[in-house]
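Peer 1: Okay, handing you the structure first.
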Amino acid sequence: MPQRAKDKQFRLPKVTIVDFKSIEMERTLTALFARIHHDGQDSRLSKPNTTLEDFTAHILEKPDKFRGFDQEPAILRGWLESHLLDLVNRGKHNQQVASPRPLHGFTYRFRNPKHCRDYGSAEHLYETLWHARNGLGRLALSSLKKFFFEGVDFNTQQEDSHVKIDVETQALLSLSPDDMKEDAPVRGSRIPTPPLCIGSADLLADDIQRLMQYRSKIPRSVMVEYLKILFGFHLALYHLRLMKLLPELVKRKGQAPCCENARCPVKPGQALTPFGDCSFQIGIFVDVRNHPGTTLASMAETSADFHYRRIPGFVKAVYLTKKMDEFALDQLKRGVIPGGASKFMSVAEVLSLLGEKHTAERENYFKARMYSMSEDMGDEDALPDGWDQIKALRLTELETFVECIMSQRGDYQRRFIIKCLDGFLLKNRPGALIAQSRSRNAPRRFILDSALLEVLLQINVLEFDSADGRYHSKQIQIDRLLSILRERYGLHIASLPKGEGFQEPSIEQRHALRSNKEAFKDKLREIGFFQDLSDAYITQHVSPRYQID
């Protein structure tokens, strides 16, 4: 069935700004730099196709800054390929530069837009932080700007020689404004859009502020890697929570009082219960040992399967919300709803039009849309798959319209959402929250990679003291740490998330949970955070690696 572009559109910024595609987090960071530098707007590049040879030539032309590099151009090229540049088709004949690695804010000026697409993920992060409550998100954006644009005088846009930076960042700064025209913001490229889950915005902002306390203690390249992992982790959690939240909002016709800004129960400052009575907190069981074929792996596969099975319901909910948003705009234009065509209607307001009060207008509108779609069908052979079954259900005009779209586009969107989630979760890479064997149709399973655990530990060994307005390092007992990971992020290690794919654990599962807790302690020892002076519970605690006072 041929469909008009308007019928096929899936992206709805009111739900998420992200366009579900295969996303690389390094490219998300690079695009985020442009928005941070231009106060939320994207940048217009004047030189969009920089090659590996261009970067090599830039450095060879500056022997005063890079002494001896001109004597070994082959080694220089290898260093650029392995340490400084993000490449597509790496090692192949059609290898291209996507951008420099995101070690400094101005690397976005040297990205090749064709190969460095972020598909709205950078804009989503910026808007999420901008709309976080109590100004915490804007404070986090300010901290990120100071960190990523370190070594640059913002008045002159030139390198500040008084700031000491590492050699990789020095190499990137040496390529800056002297070698290319100034970039400019794309006017109108920012449309302020609040996130559907405001609690997620607060939590992300709080985590960034905590992590930024280490910027003078952790090497720059390590801090950038921490931030890449953290952003991917929060993007994944947001969209996994969205898959639970949006279908429920559709079912309730937008009536979810706990999701209103003033009533949202999420309070990130409360380490043990930041989500309070939130009905949409998710539960993820992670296999810390990460050994396929074990009971733990099977439990982690069950958890991953449960969350990924929510995708079709989420796709349908997005399509229905998208069509209701189009219906709301039509009603605004016609004056049926006061406010005019420029009025912004939230997801809750849009879904409230599912009520009986608007039944007549809604049915007439979607009857006309169905008639328009039937004209596009052309003949019997072009009817959507399962058309007879759809008619037999005797659904409303809206539901029939959505089912027709789902029959053609549902599986297509599902596949791209899976790829997008795999990118956010850093599947099979350092910092991963999910793993999958390379065999065909192998199941996914949630894991807790050491790099991700390290980032979460650095964040949660800090405690904010409201008396002096500062963060302080603290020791945490193991059980308390497990509670923080469970209540703050929904990560279950020594317990099962009831209602999220699990019921009461069996005897075998209880034994596996104890094994998972021991594996968690072993991993803490490996990364240097765990001290157990004896078998006594009171002496087993996590100690900060860096002291913040």
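Each chain in the structure tokens gets a letter, A, B and so on, in the order shown; residues start at 1 in every chain, and ligands are counted from 1 in the order they appear.
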For A:Val97, work out the shell of residues within 6 Å, counting only C-alpha atoms and skipping chain neighbours fewer than 2 positions away, then give it as a list in words.

Peer 2: Thr51, Leu87 and Ser99 of chain A

Peer 1: I need the residues from that last selection saved to file as a short mmCIF file (atom, residue, chain, number, x, y, z; two decimals), in the first residue's frame (with C-alpha atoms), if you can.

Peer 2:
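Output (again_9.cif):
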```
data_model
loop_
_atom_site.label_atom_id
_atom_site.label_comp_id
_atom_site.auth_asym_id
_atom_site.auth_seq_id
_atom_site.Cartn_x
_atom_site.Cartn_y
_atom_site.Cartn_z
CA THR A 51 40.13 14.16 5.19
CA LEU A 87 36.41 7.01 11.23
CA SER A 99 35.05 13.86 13.06
#
```

Peer 1: Can you tell me, as a list of chain:residue names, what residues are no more than 7 Å from stretch 474-486 of chain A when counting only C-alpha atoms, ignoring any on the same chain fewer than 3 positions away?

Peer 2: A:Ala271, A:Leu272, A:Val461, A:Leu462, A:Glu463, A:Tyr489, A:Gly490, A:Leu491, A:His492, A:Gln540, A:His541, A:Val542, A:Ser543, A:Pro544

Peer 1: Near A:Leu421, counting only C-alpha atoms, which residues have an atom at most 9 Å away, once you skip same-chain residues fewer than 3 positions from it, shown as number ranges by chain?

Peer 2: A: 20-23, 235-236, 239-240, 416-418, 424-427

Peer 1: Generate the output file for the selected residues, C-alpha atoms, as a PDB file, in the first residue's frame.

Peer 2:
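Contents of the output file result_15.pdb:
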```
ATOM      1  CA  PHE A  20      15.437   6.123  15.904  1.00  0.00           C
ATOM      2  CA  LYS A  21      18.450   5.034  13.864  1.00  0.00           C
ATOM      3  CA  SER A  22      21.791   3.371  14.589  1.00  0.00           C
ATOM      4  CA  ILE A  23      23.518   6.002  16.757  1.00  0.00           C
ATOM      5  CA  LEU A 235      19.365   7.985  26.871  1.00  0.00           C
ATOM      6  CA  ALA A 236      18.720   4.246  27.137  1.00  0.00           C
ATOM      7  CA  HIS A 239      13.565   5.476  26.248  1.00  0.00           C
ATOM      8  CA  LEU A 240      13.083   2.211  28.141  1.00  0.00           C
ATOM      9  CA  PHE A 416      15.272   0.737  13.990  1.00  0.00           C
ATOM     10  CA  ILE A 417      14.327   1.214  17.650  1.00  0.00           C
ATOM     11  CA  ILE A 418      16.237  -1.979  18.495  1.00  0.00           C
ATOM     12  CA  PHE A 424      22.647   3.790  23.581  1.00  0.00           C
ATOM     13  CA  LEU A 425      23.367   0.643  25.611  1.00  0.00           C
ATOM     14  CA  LEU A 426      26.827   0.335  23.949  1.00  0.00           C
ATOM     15  CA  LYS A 427      26.178  -3.309  23.076  1.00  0.00           C
TER      16      LYS A 427
END
```

Peer 1: In Å, rounded to a single decimal, give me how far atom CA of A:Gly151 is from atom CA of A:Asp549.

Peer 2: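 We find that atom CA of A:Asp549 and atom CA of A:Gly151 lie 25.3 Å from each other.
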
Peer 1: From a backbone DSSP assignment, name each residue in stretch 51-293 of chain A labelled helix (DSSP H, G or I), as an MDAnalysis selection string.

Peer 2: chainID A and resid 52:60 69:71 73:84 105:110 121:130 133:148 167:173 177:179 198:214 220:251 257:259

Peer 1: Determine which residues of stretch 88-244 of chain A DSSP labels as strand (DSSP E) from the backbone of this structure, then write them out as an NGL selection string.

Peer 2: :A and (88 or 96-100 or 152-153 or 158-159 or 184-185)

Peer 1: Keeping only N, CA and C atoms, take the residues you just selected and write them out as a tab-separated table (two decimals), in the first residue's frame.

Peer 2:
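Final output, saved to out-v3.tsv:
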```tsv
chain	number	residue	atom	x	y	z
A	88	VAL	N	34.65	6.24	9.77
A	88	VAL	CA	33.66	5.28	9.29
A	88	VAL	C	34.36	4.36	8.30
A	96	GLN	N	36.51	6.97	5.76
A	96	GLN	CA	36.28	8.41	5.76
A	96	GLN	C	36.31	8.93	7.19
A	97	VAL	N	36.66	10.21	7.35
A	97	VAL	CA	36.67	10.84	8.67
A	97	VAL	C	35.26	11.30	9.01
A	98	ALA	N	34.74	10.87	10.16
A	98	ALA	CA	33.46	11.37	10.65
A	98	ALA	C	33.69	12.68	11.40
A	99	SER	N	34.68	12.67	12.28
A	99	SER	CA	35.05	13.86	13.06
A	99	SER	C	36.27	13.51	13.89
A	100	PRO	N	36.95	14.50	14.46
A	100	PRO	CA	37.93	14.19	15.48
A	100	PRO	C	37.24	13.60	16.70
A	152	VAL	N	40.42	27.68	25.78
A	152	VAL	CA	40.03	28.66	24.77
A	152	VAL	C	39.53	29.93	25.46
A	153	ASP	N	40.01	31.06	25.00
A	153	ASP	CA	39.52	32.35	25.48
A	153	ASP	C	38.26	32.68	24.69
A	158	GLN	N	40.47	32.25	20.63
A	158	GLN	CA	41.80	31.73	20.38
A	158	GLN	C	42.26	30.87	21.55
A	159	GLU	N	43.30	30.08	21.30
A	159	GLU	CA	43.86	29.21	22.32
A	159	GLU	C	44.44	30.04	23.46
A	184	ALA	N	28.81	29.44	12.35
A	184	ALA	CA	27.72	30.29	12.82
A	184	ALA	C	26.53	29.42	13.18
A	185	PRO	N	25.74	29.88	14.13
A	185	PRO	CA	24.55	29.09	14.49
A	185	PRO	C	23.50	29.12	13.38
```

Peer 1: Counting only C-alpha atoms, which of A:Met299, A:Leu29, A:Pro63, A:Leu245 gets nearest to A:Leu144?

Peer 2: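 Among the listed residues, A:Leu29 lies closest to A:Leu144.
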
Peer 1: Within 9 Å of A:Tyr365, counting only C-alpha atoms, which residues show up once you throw out same-chain ones fewer than 4 positions away? Write them as a list in words, please.

Peer 2: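 Here the answer would be Phe327, Asp330, Ala360, Glu361, Arg369, Met370, Glu397 and Leu398 of chain A.
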
Peer 1: Go ahead and save the picked residues with C-alpha atoms, as a PDB file, in the first residue's frame.

Peer 2:
```
ATOM      1  CA  PHE A 327      -6.016  16.088  14.889  1.00  0.00           C
ATOM      2  CA  ASP A 330      -6.618  20.721  12.870  1.00  0.00           C
ATOM      3  CA  ALA A 360     -17.827  13.196  16.754  1.00  0.00           C
ATOM      4  CA  GLU A 361     -15.079  15.547  15.517  1.00  0.00           C
ATOM      5  CA  ARG A 369      -8.083  10.451   6.562  1.00  0.00           C
ATOM      6  CA  MET A 370      -9.098   6.830   5.952  1.00  0.00           C
ATOM      7  CA  GLU A 397     -11.958   5.291  12.635  1.00  0.00           C
ATOM      8  CA  LEU A 398      -8.867   6.369  14.591  1.00  0.00           C
TER       9      LEU A 398
END
```

Peer 1: Smallest atom-to-atom distance to A:Glu500: which of A:Pro430, A:Gly293, A:Gly283, A:Gly335, using only C-alpha atoms?

Peer 2: A:Gly283

Peer 1: For a quick check of understanding, using only C-alpha atoms, which of A:Asp522, A:Glu127, A:Asp42, A:Glu301 has the smallest distance to A:Arg445?

Peer 2: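 Counting only C-alpha atoms, the residue closest to A:Arg445 is A:Glu301.
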
Peer 1: Counting only C-alpha atoms, what is within 12 Å of A:Asn134, bar same-chain residues fewer than 4 positions away, as a PyMOL selection string?

Peer 2: chain A and resi 129-130+138-140+198-199+201-202+205-206+261-262+267-268

Peer 1: Kindly save the residues from that selection, with N, CA and C atoms included, as a PDB file, in the first residue's frame.

Peer 2:
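New file selection10.pdb:
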```pdb
ATOM      1  N   LEU A 129      18.379  18.650  29.521  1.00  0.00           N
ATOM      2  CA  LEU A 129      19.090  19.373  30.574  1.00  0.00           C
ATOM      3  C   LEU A 129      18.524  20.780  30.756  1.00  0.00           C
ATOM      4  N   TRP A 130      18.192  21.434  29.657  1.00  0.00           N
ATOM      5  CA  TRP A 130      17.687  22.805  29.748  1.00  0.00           C
ATOM      6  C   TRP A 130      16.392  22.880  30.552  1.00  0.00           C
ATOM      7  N   ARG A 138      20.629  23.625  33.696  1.00  0.00           N
ATOM      8  CA  ARG A 138      21.371  24.730  33.079  1.00  0.00           C
ATOM      9  C   ARG A 138      22.730  24.885  33.759  1.00  0.00           C
ATOM     10  N   LEU A 139      22.781  24.581  35.044  1.00  0.00           N
ATOM     11  CA  LEU A 139      24.059  24.567  35.747  1.00  0.00           C
ATOM     12  C   LEU A 139      24.947  23.459  35.192  1.00  0.00           C
ATOM     13  N   ALA A 140      24.339  22.301  34.884  1.00  0.00           N
ATOM     14  CA  ALA A 140      25.094  21.198  34.290  1.00  0.00           C
ATOM     15  C   ALA A 140      25.607  21.578  32.902  1.00  0.00           C
ATOM     16  N   ILE A 198      10.015  14.397  33.112  1.00  0.00           N
ATOM     17  CA  ILE A 198      10.849  15.453  33.691  1.00  0.00           C
ATOM     18  C   ILE A 198      11.770  14.899  34.774  1.00  0.00           C
ATOM     19  N   GLY A 199      11.357  13.809  35.435  1.00  0.00           N
ATOM     20  CA  GLY A 199      12.211  13.204  36.456  1.00  0.00           C
ATOM     21  C   GLY A 199      13.516  12.701  35.875  1.00  0.00           C
ATOM     22  N   ALA A 201      15.112  14.051  33.416  1.00  0.00           N
ATOM     23  CA  ALA A 201      15.946  15.233  33.202  1.00  0.00           C
ATOM     24  C   ALA A 201      16.650  15.630  34.493  1.00  0.00           C
ATOM     25  N   ASP A 202      15.919  15.609  35.609  1.00  0.00           N
ATOM     26  CA  ASP A 202      16.517  15.954  36.895  1.00  0.00           C
ATOM     27  C   ASP A 202      17.645  14.996  37.261  1.00  0.00           C
ATOM     28  N   ALA A 205      20.775  15.616  35.077  1.00  0.00           N
ATOM     29  CA  ALA A 205      21.465  16.839  35.497  1.00  0.00           C
ATOM     30  C   ALA A 205      22.228  16.614  36.792  1.00  0.00           C
ATOM     31  N   ASP A 206      21.629  15.909  37.730  1.00  0.00           N
ATOM     32  CA  ASP A 206      22.281  15.640  39.010  1.00  0.00           C
ATOM     33  C   ASP A 206      23.529  14.775  38.808  1.00  0.00           C
ATOM     34  N   ASN A 261       4.724  18.435  36.210  1.00  0.00           N
ATOM     35  CA  ASN A 261       5.970  18.950  36.804  1.00  0.00           C
ATOM     36  C   ASN A 261       5.891  19.122  38.311  1.00  0.00           C
ATOM     37  N   ALA A 262       4.821  19.735  38.766  1.00  0.00           N
ATOM     38  CA  ALA A 262       4.712  20.048  40.191  1.00  0.00           C
ATOM     39  C   ALA A 262       4.513  18.798  41.045  1.00  0.00           C
ATOM     40  N   LYS A 267      13.101  12.880  43.044  1.00  0.00           N
ATOM     41  CA  LYS A 267      13.960  13.815  43.765  1.00  0.00           C
ATOM     42  C   LYS A 267      15.361  13.221  43.788  1.00  0.00           C
ATOM     43  N   PRO A 268      16.207  13.569  42.800  1.00  0.00           N
ATOM     44  CA  PRO A 268      17.524  12.940  42.683  1.00  0.00           C
ATOM     45  C   PRO A 268      18.397  13.102  43.919  1.00  0.00           C
TER      46      PRO A 268
END
```
